[in-house]
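A.B. asks: After the structure tokens below, expect a handful of questions from me.
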Amino acid sequence: MSLGPEEVKKIAYLARLAVSEDDVPAYARNLSSILDLVAQMNTVDTRGIEPLAHPLAMTQRLRSDEPTEPDQRTLFQGIAPQVEAGLYLVPKVIE
Amino acid sequence: MMEWESVIGLEIHAQLATKSKIFSGAATAYGAAPNTQACAIDLGLPGVLPVLNTDAVRMAAMFGLAVEATVAERSVFARKNYFYPDLPKGYQISQYELPVVHQGHLIIDLDDGTTKTIGITRAHLEEDAGKSLHEDFSGMTGIDLNRAGTPLLEIVSEPDLRSAKEAVAYMKKIHTLVRYLGICDGNMQEGSFRCDANVSVRPKGQERFGTRAEIKNLNSFRFVERAIEYEIERQIHLLEDGGTVVQETRLYDPDQGETRSMRSKEEANDYRYFPDPDLLPLSIDTAFIEAARQALPELPDAKRERFMGEYQLSAYDAALLTVSRDLADYFEATVAALGGEAKLCANWVMGDLSGFLNKESKDIGDSPVDPSQLAGLLRRIQDQTISGKIAKEVFEAMWQGAGDADAVIDQRGLRQITDSSAIEQIIDTVIETNPNQLAQYRSGKDKLFGFFVGQVMKASKGKANPQQVNELLLKKLAG
């Protein structure tokens with residue numbers, strides 16, 4: 001399967017990545033070969049094989065329902081670009 | 001004219017009543033100062049690891065058992081990828097292919113007195129997102145992540161609902177159930193219980209579903225009903241005018257009473273779910289499920305049946321009294337304190353007590369009059385110390401903190417007059433001062449009987465025993 005430049009741009013948009021026009025052909029080639037690999041894997045007969053949820057053959061450990069985390073807002077907001085009234089400020093997300 | 005049938009499925013989000021978050025030890029208390037309950041895990045800082053909260057799992061299992069669903073021995077958490085600052089990780093941890101609960105059902109009561117079984121496809125655990133505040137920040141959006149990571153149980157129904165009314169009946173039933181189970185406080189104003197509605201229409205008799213629209217974030221029963229009704233009408237009009245329904249997300253605007261397309265021509269959402277490598281599969285063993293089963297309280301349907309049998313209440317009364325566990329407990333405590341008279345207790349709990357609670361937007365738990373005090377009042381109706389009408393006055397005084405029934409009755413001299421000679425005296429005075437009415441009555445104007453009753457009650461300040469007044473007055477007026 002091969003991806004064209006328009007598809008690469010659409011994928012980049014969906015991933016919120018800025019891709020320069022010059023890099024588009026290279027991405028198209030690389031992504032296409034990844035898809036080829038997936039297509040190749042798709043030909044393997046996996047009937048009767050349980051899907052792998054995690055490579056470790058273990059189950060989830062549970063913790064008891066206790067609030068243990070202190071308020072560290074000041075520390076965390078120290079690395080935020082912009083804060084106001086205790087809120088993290090981000091570019092407006094609705095038009 | 002074509003007949004249309006609407007098809008509705010609900011996705012209900014119930015915030016689970018845990019003390020800490022689903023994957024972190026941050027507190028979940030409502031109303032804290034912004035971001036004071038958002039730890040490194042909730043913020044999605046690098047290098048953190050989510051660890052699952054036992055109680056969230058236990059609550060999901062309880063719900064599954066209550067709707068006779070399968071509680072999965074093995075379920076898997078998945079990442080649902082989307083970019084939005086209310087979840088800074090860039091994904092929501094949810095469950096996709098293997099949810100913790102699947103294939104349950106719930107029976108709802110319809111207006112015509114019949115019942116209907118609604119399938120519950122699945123219920124899965126996931127984390128809630130933070131809140132975005134769009135005002136007051138000079139063109140920026142303010143983000144409060146206190147809610148991010150709060151456990152949610154998303155309860156997905158089958159598309160079995162056929163009207164807005166059925167959808168509301170189903171949602172109310174789930175609302176009652178989660179509060180009975182104690183797994184969700186059900187507070188819709190605070191967003192603890194909200195739903196998305198999938199709505200489509202099809203020509204009656206057609207098997208294939210029509211294209212559906214999803215109405216997001218409905219946070220009251222009234223909005224659910226209105227939004228669905230509007231959406232059904234909108235789709236029918238559209239189709240009858242030769243148009244087509246677009247599969248899209250819509251928002252209900254309560255001010256305009258309409259639904260509106262939420263995302264204009266945005267690229268199709270692809271959440272790219274995949275198993276979260278930070279979390280191992282969740283394994284629930286028989287012992288865990290049995291412990292959850294032991295923790296189940298008497299469920300609403302069972303309680304309603306019992307109330308009808310044990311207290312001889314009508315289906316209607318029993319349904320009203322079992323709307324919440326606290327109300328049902330209050331009723332039962334009142335009956336126990338009074339030693340019977342369930343119907344009298346039911347009338348007062350559903351009548352005056354609920355009236356005062358509603359008027360002051362109070363929960364039953366905040367009632368200033370407790371069950372034993374209410375029973376104390378009802379006892380005085382029973383032994384005829386006061387009439388039912390005076391009792392309302394006494395109740396109001398008790399509500400306002402004037403003490404228990406006996407104290408109020410004594411202080412205000414409300415003891416009912418049952419001494420027939422005292423009542424006769426009042427009657428004599430009333431008859432003497434109204435000779436014209438007496439003459440009219442005796443010449444056949446029976447309706448004036450009510451006038452005399454009114455005058456006597458007024459003269460006794462409402463304290464004369466009404467039954468005695470009727471009897472004595474009849475005799476005296478006959479002459």
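Ordering of the structure tokens sets the chain letters (A, B, ...); residue numbers start at 1 within each chain; ligands are numbered from 1 in the order shown.
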Compute the chain B side of the contact with chain A at 7 Å, counting only C-alpha atoms, and hand it back as a PyMOL selection string.
C.D. replies: chain B and resi 18-20+25-27+34-37+39+51-55+76+139-144+275+277+279-283
A.B. asks: Selection from above, N, CA, C and O atoms, as a compact mmCIF listing (two decimals), in the first residue's frame, can you write it?
C.D. replies:
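Done, and the output landed in selection_23.txt:
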# COMPACT_ATOMS: atom_id res chain seq x y z
N THR B 18 -15.62 7.22 44.78
CA THR B 18 -14.39 6.87 45.48
C THR B 18 -13.81 8.13 46.13
O THR B 18 -14.17 9.24 45.77
N LYS B 19 -12.90 7.92 47.07
CA LYS B 19 -12.26 9.07 47.73
C LYS B 19 -11.08 9.57 46.92
O LYS B 19 -10.72 10.73 46.97
N SER B 20 -10.45 8.63 46.19
CA SER B 20 -9.29 9.03 45.38
C SER B 20 -9.57 8.66 43.92
O SER B 20 -10.55 7.99 43.61
N GLY B 25 -3.52 8.77 43.54
CA GLY B 25 -3.94 8.99 44.92
C GLY B 25 -4.41 10.41 45.18
O GLY B 25 -4.49 10.84 46.33
N ALA B 26 -4.74 11.17 44.12
CA ALA B 26 -5.27 12.52 44.32
C ALA B 26 -6.72 12.41 44.79
O ALA B 26 -7.44 11.49 44.40
N ALA B 27 -7.14 13.36 45.61
CA ALA B 27 -8.51 13.33 46.15
C ALA B 27 -9.52 13.70 45.07
O ALA B 27 -9.17 14.35 44.07
N PRO B 34 -9.07 25.22 42.17
CA PRO B 34 -8.59 24.62 40.92
C PRO B 34 -7.20 24.01 41.04
O PRO B 34 -6.31 24.60 41.64
N ASN B 35 -7.07 22.82 40.49
CA ASN B 35 -5.78 22.13 40.35
C ASN B 35 -5.08 21.77 41.66
O ASN B 35 -3.92 21.41 41.65
N THR B 36 -5.81 21.86 42.79
CA THR B 36 -5.20 21.44 44.05
C THR B 36 -5.37 19.93 44.25
O THR B 36 -4.81 19.36 45.17
N GLN B 37 -6.19 19.30 43.41
CA GLN B 37 -6.36 17.85 43.48
C GLN B 37 -5.96 17.21 42.15
O GLN B 37 -6.63 16.31 41.66
N CYS B 39 -2.59 15.63 40.60
CA CYS B 39 -1.21 15.25 40.86
C CYS B 39 -0.48 14.97 39.56
O CYS B 39 -1.05 15.11 38.47
N VAL B 51 -1.96 3.44 38.71
CA VAL B 51 -2.25 2.21 39.46
C VAL B 51 -3.74 2.22 39.80
O VAL B 51 -4.26 3.20 40.33
N LEU B 52 -4.39 1.13 39.48
CA LEU B 52 -5.85 1.07 39.54
C LEU B 52 -6.40 1.01 40.97
O LEU B 52 -5.89 0.31 41.82
N ASN B 53 -7.48 1.77 41.18
CA ASN B 53 -8.17 1.88 42.47
C ASN B 53 -9.11 0.67 42.69
O ASN B 53 -10.03 0.45 41.90
N THR B 54 -8.89 -0.10 43.74
CA THR B 54 -9.72 -1.29 44.03
C THR B 54 -11.20 -0.95 44.09
O THR B 54 -12.04 -1.70 43.58
N ASP B 55 -11.52 0.17 44.75
CA ASP B 55 -12.93 0.47 44.96
C ASP B 55 -13.66 0.79 43.66
O ASP B 55 -14.85 0.51 43.53
N VAL B 76 -9.55 -5.30 29.93
CA VAL B 76 -8.32 -4.62 29.50
C VAL B 76 -8.55 -3.12 29.37
O VAL B 76 -9.60 -2.69 28.87
N GLY B 139 -8.97 35.81 26.08
CA GLY B 139 -8.80 35.02 24.86
C GLY B 139 -8.19 33.64 25.08
O GLY B 139 -8.07 32.86 24.14
N MET B 140 -7.79 33.35 26.30
CA MET B 140 -7.23 32.03 26.57
C MET B 140 -8.31 31.16 27.24
O MET B 140 -9.32 31.65 27.69
N THR B 141 -8.03 29.86 27.30
CA THR B 141 -8.93 28.95 28.00
C THR B 141 -8.26 28.52 29.30
O THR B 141 -7.07 28.18 29.30
N GLY B 142 -9.00 28.56 30.39
CA GLY B 142 -8.46 28.13 31.69
C GLY B 142 -8.77 26.66 31.91
O GLY B 142 -9.86 26.20 31.61
N ILE B 143 -7.79 25.92 32.42
CA ILE B 143 -7.98 24.48 32.61
C ILE B 143 -7.84 24.11 34.09
O ILE B 143 -6.85 24.44 34.73
N ASP B 144 -8.88 23.44 34.59
CA ASP B 144 -8.86 22.92 35.96
C ASP B 144 -8.86 21.40 35.86
O ASP B 144 -9.81 20.80 35.36
N PRO B 275 -4.39 -1.20 23.57
CA PRO B 275 -4.22 -1.56 24.98
C PRO B 275 -3.17 -0.67 25.63
O PRO B 275 -2.11 -0.44 25.05
N PRO B 277 -0.18 0.19 27.54
CA PRO B 277 0.98 -0.59 28.02
C PRO B 277 1.33 -0.30 29.47
O PRO B 277 2.06 -1.06 30.09
N LEU B 279 -0.80 -0.35 31.87
CA LEU B 279 -1.70 -1.10 32.75
C LEU B 279 -1.80 -2.55 32.31
O LEU B 279 -2.00 -2.83 31.13
N LEU B 280 -1.67 -3.44 33.25
CA LEU B 280 -1.80 -4.87 32.95
C LEU B 280 -3.29 -5.22 32.88
O LEU B 280 -4.12 -4.47 33.38
N PRO B 281 -3.62 -6.34 32.27
CA PRO B 281 -5.03 -6.74 32.24
C PRO B 281 -5.58 -6.85 33.67
O PRO B 281 -4.87 -7.26 34.59
N LEU B 282 -6.84 -6.46 33.82
CA LEU B 282 -7.50 -6.52 35.12
C LEU B 282 -8.12 -7.90 35.31
O LEU B 282 -8.90 -8.35 34.47
N SER B 283 -7.74 -8.55 36.39
CA SER B 283 -8.28 -9.88 36.66
C SER B 283 -9.19 -9.80 37.88
O SER B 283 -8.81 -9.26 38.92
A.B. asks: If we count only C-alpha atoms and set the cut-off at 8 Å, which residues sit around range 29-39 of chain A, ignoring sequence neighbours fewer than 5 positions away in its own chain? Please answer as an MDAnalysis selection string.
C.D. replies: chainID A and resid 1:3
A.B. asks: Near Glu424 in chain B, within 10 Å and counting only C-alpha atoms, which residues show up once chain neighbours fewer than 3 positions away are dropped, as a PyMOL selection string?
C.D. replies: chain B and resi 419-421+427-430+456+468-469+472-473+476
A.B. asks: Can you write out the residues you just picked, keeping N, CA, C and O atoms, as a PDB file, in the first residue's frame?
C.D. replies:
ATOM      1  N   ASP B 419     -64.422  17.382  73.872  1.00  0.00           N
ATOM      2  CA  ASP B 419     -65.468  17.447  74.891  1.00  0.00           C
ATOM      3  C   ASP B 419     -66.754  17.912  74.203  1.00  0.00           C
ATOM      4  O   ASP B 419     -66.851  19.056  73.745  1.00  0.00           O
ATOM      5  N   SER B 420     -67.759  17.015  74.132  1.00  0.00           N
ATOM      6  CA  SER B 420     -68.921  17.361  73.303  1.00  0.00           C
ATOM      7  C   SER B 420     -69.707  18.543  73.884  1.00  0.00           C
ATOM      8  O   SER B 420     -70.288  19.334  73.148  1.00  0.00           O
ATOM      9  N   SER B 421     -69.681  18.721  75.196  1.00  0.00           N
ATOM     10  CA  SER B 421     -70.422  19.858  75.736  1.00  0.00           C
ATOM     11  C   SER B 421     -69.759  21.172  75.304  1.00  0.00           C
ATOM     12  O   SER B 421     -70.442  22.159  75.013  1.00  0.00           O
ATOM     13  N   ILE B 427     -71.400  25.517  68.998  1.00  0.00           N
ATOM     14  CA  ILE B 427     -72.443  25.373  67.984  1.00  0.00           C
ATOM     15  C   ILE B 427     -73.649  26.274  68.314  1.00  0.00           C
ATOM     16  O   ILE B 427     -74.175  26.978  67.442  1.00  0.00           O
ATOM     17  N   ASP B 428     -74.021  26.272  69.575  1.00  0.00           N
ATOM     18  CA  ASP B 428     -75.164  27.102  69.979  1.00  0.00           C
ATOM     19  C   ASP B 428     -74.918  28.581  69.656  1.00  0.00           C
ATOM     20  O   ASP B 428     -75.790  29.262  69.109  1.00  0.00           O
ATOM     21  N   THR B 429     -73.727  29.037  69.980  1.00  0.00           N
ATOM     22  CA  THR B 429     -73.388  30.437  69.706  1.00  0.00           C
ATOM     23  C   THR B 429     -73.463  30.728  68.208  1.00  0.00           C
ATOM     24  O   THR B 429     -74.038  31.742  67.784  1.00  0.00           O
ATOM     25  N   VAL B 430     -72.914  29.819  67.425  1.00  0.00           N
ATOM     26  CA  VAL B 430     -72.900  30.019  65.970  1.00  0.00           C
ATOM     27  C   VAL B 430     -74.334  30.066  65.423  1.00  0.00           C
ATOM     28  O   VAL B 430     -74.678  30.936  64.617  1.00  0.00           O
ATOM     29  N   VAL B 456     -68.180  26.983  62.881  1.00  0.00           N
ATOM     30  CA  VAL B 456     -67.836  26.316  64.138  1.00  0.00           C
ATOM     31  C   VAL B 456     -66.325  26.082  64.226  1.00  0.00           C
ATOM     32  O   VAL B 456     -65.699  26.338  65.252  1.00  0.00           O
ATOM     33  N   GLN B 468     -66.961  15.081  65.349  1.00  0.00           N
ATOM     34  CA  GLN B 468     -67.971  15.420  66.358  1.00  0.00           C
ATOM     35  C   GLN B 468     -68.760  16.645  65.937  1.00  0.00           C
ATOM     36  O   GLN B 468     -69.970  16.722  66.148  1.00  0.00           O
ATOM     37  N   VAL B 469     -68.070  17.597  65.348  1.00  0.00           N
ATOM     38  CA  VAL B 469     -68.749  18.808  64.897  1.00  0.00           C
ATOM     39  C   VAL B 469     -69.853  18.428  63.910  1.00  0.00           C
ATOM     40  O   VAL B 469     -70.992  18.875  64.027  1.00  0.00           O
ATOM     41  N   LEU B 472     -72.808  16.608  65.831  1.00  0.00           N
ATOM     42  CA  LEU B 472     -73.582  17.473  66.739  1.00  0.00           C
ATOM     43  C   LEU B 472     -74.340  18.548  65.966  1.00  0.00           C
ATOM     44  O   LEU B 472     -75.482  18.884  66.284  1.00  0.00           O
ATOM     45  N   LEU B 473     -73.688  19.065  64.943  1.00  0.00           N
ATOM     46  CA  LEU B 473     -74.289  20.134  64.152  1.00  0.00           C
ATOM     47  C   LEU B 473     -75.546  19.628  63.446  1.00  0.00           C
ATOM     48  O   LEU B 473     -76.578  20.310  63.429  1.00  0.00           O
ATOM     49  N   LYS B 476     -78.325  19.532  65.999  1.00  0.00           N
ATOM     50  CA  LYS B 476     -78.772  20.854  66.445  1.00  0.00           C
ATOM     51  C   LYS B 476     -79.524  21.593  65.342  1.00  0.00           C
ATOM     52  O   LYS B 476     -80.532  22.259  65.600  1.00  0.00           O
TER      53      LYS B 476
END
A.B. asks: If you run DSSP on this backbone, which residues of chain A come out as strand (DSSP E or B), and could you give them as an MDAnalysis selection string?
C.D. replies: chainID A and resid 62:63 83:84 87:91
A.B. asks: What is the distance between CA of Arg272 in chain B and CA of Lys80 in chain B, in Å to one decimal?
C.D. replies: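 Pair CA of Arg272 in chain B / CA of Lys80 in chain B returns 6.4 Å.
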A.B. asks: Just how far from CA of Ala40 in chain B is CA of Asp276 in chain B, in Å to one decimal?
C.D. replies: 18.0 Å
A.B. asks: To one decimal place, how far is CA of Tyr271 in chain B from CA of Asn81 in chain B in Å?
C.D. replies: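 CA of Tyr271 in chain B sits 4.7 Å away from CA of Asn81 in chain B.
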A.B. asks: When you look at Leu353 in chain B with a cut-off of 9 Å (counting only C-alpha atoms), what residues show up, excluding the ones that are within fewer than 5 positions of it in the same chain? I need them as a PyMOL selection string.
C.D. replies: chain B and resi 348+358+364+367+369+395+399
A.B. asks: Keeping only C-alpha atoms, take the residues you just selected and write them out as a short mmCIF file (atom, residue, chain, number, x, y, z; two decimals), in the first residue's frame.
C.D. replies:
data_model
loop_
_atom_site.label_atom_id
_atom_site.label_comp_id
_atom_site.auth_asym_id
_atom_site.auth_seq_id
_atom_site.Cartn_x
_atom_site.Cartn_y
_atom_site.Cartn_z
CA TRP B 348 -46.98 12.23 55.47
CA ASN B 358 -38.57 20.22 47.87
CA ILE B 364 -34.11 13.70 53.28
CA SER B 367 -34.70 16.98 57.34
CA VAL B 369 -37.79 16.50 61.60
CA PHE B 395 -45.48 19.91 61.48
CA TRP B 399 -39.82 21.89 60.84
#
A.B. asks: If you run DSSP on this backbone, which residues of range 250-473 of chain B come out as helix (DSSP H, G or I), and could you give them as a ChimeraX atom specification?
C.D. replies: /B:286-294,300-310,315-321,325-338,342-359,364-366,371-382,388-399,405-411,420-433,435-442,448-459,466-473
A.B. asks: As an MDAnalysis selection string, please: the residues near Lys9 in chain A (cut-off 10 Å, only C-alpha atoms, same-chain neighbours under 4 positions excluded).
C.D. replies: chainID A and resid 4:5 13:15 17:21 24 27:28
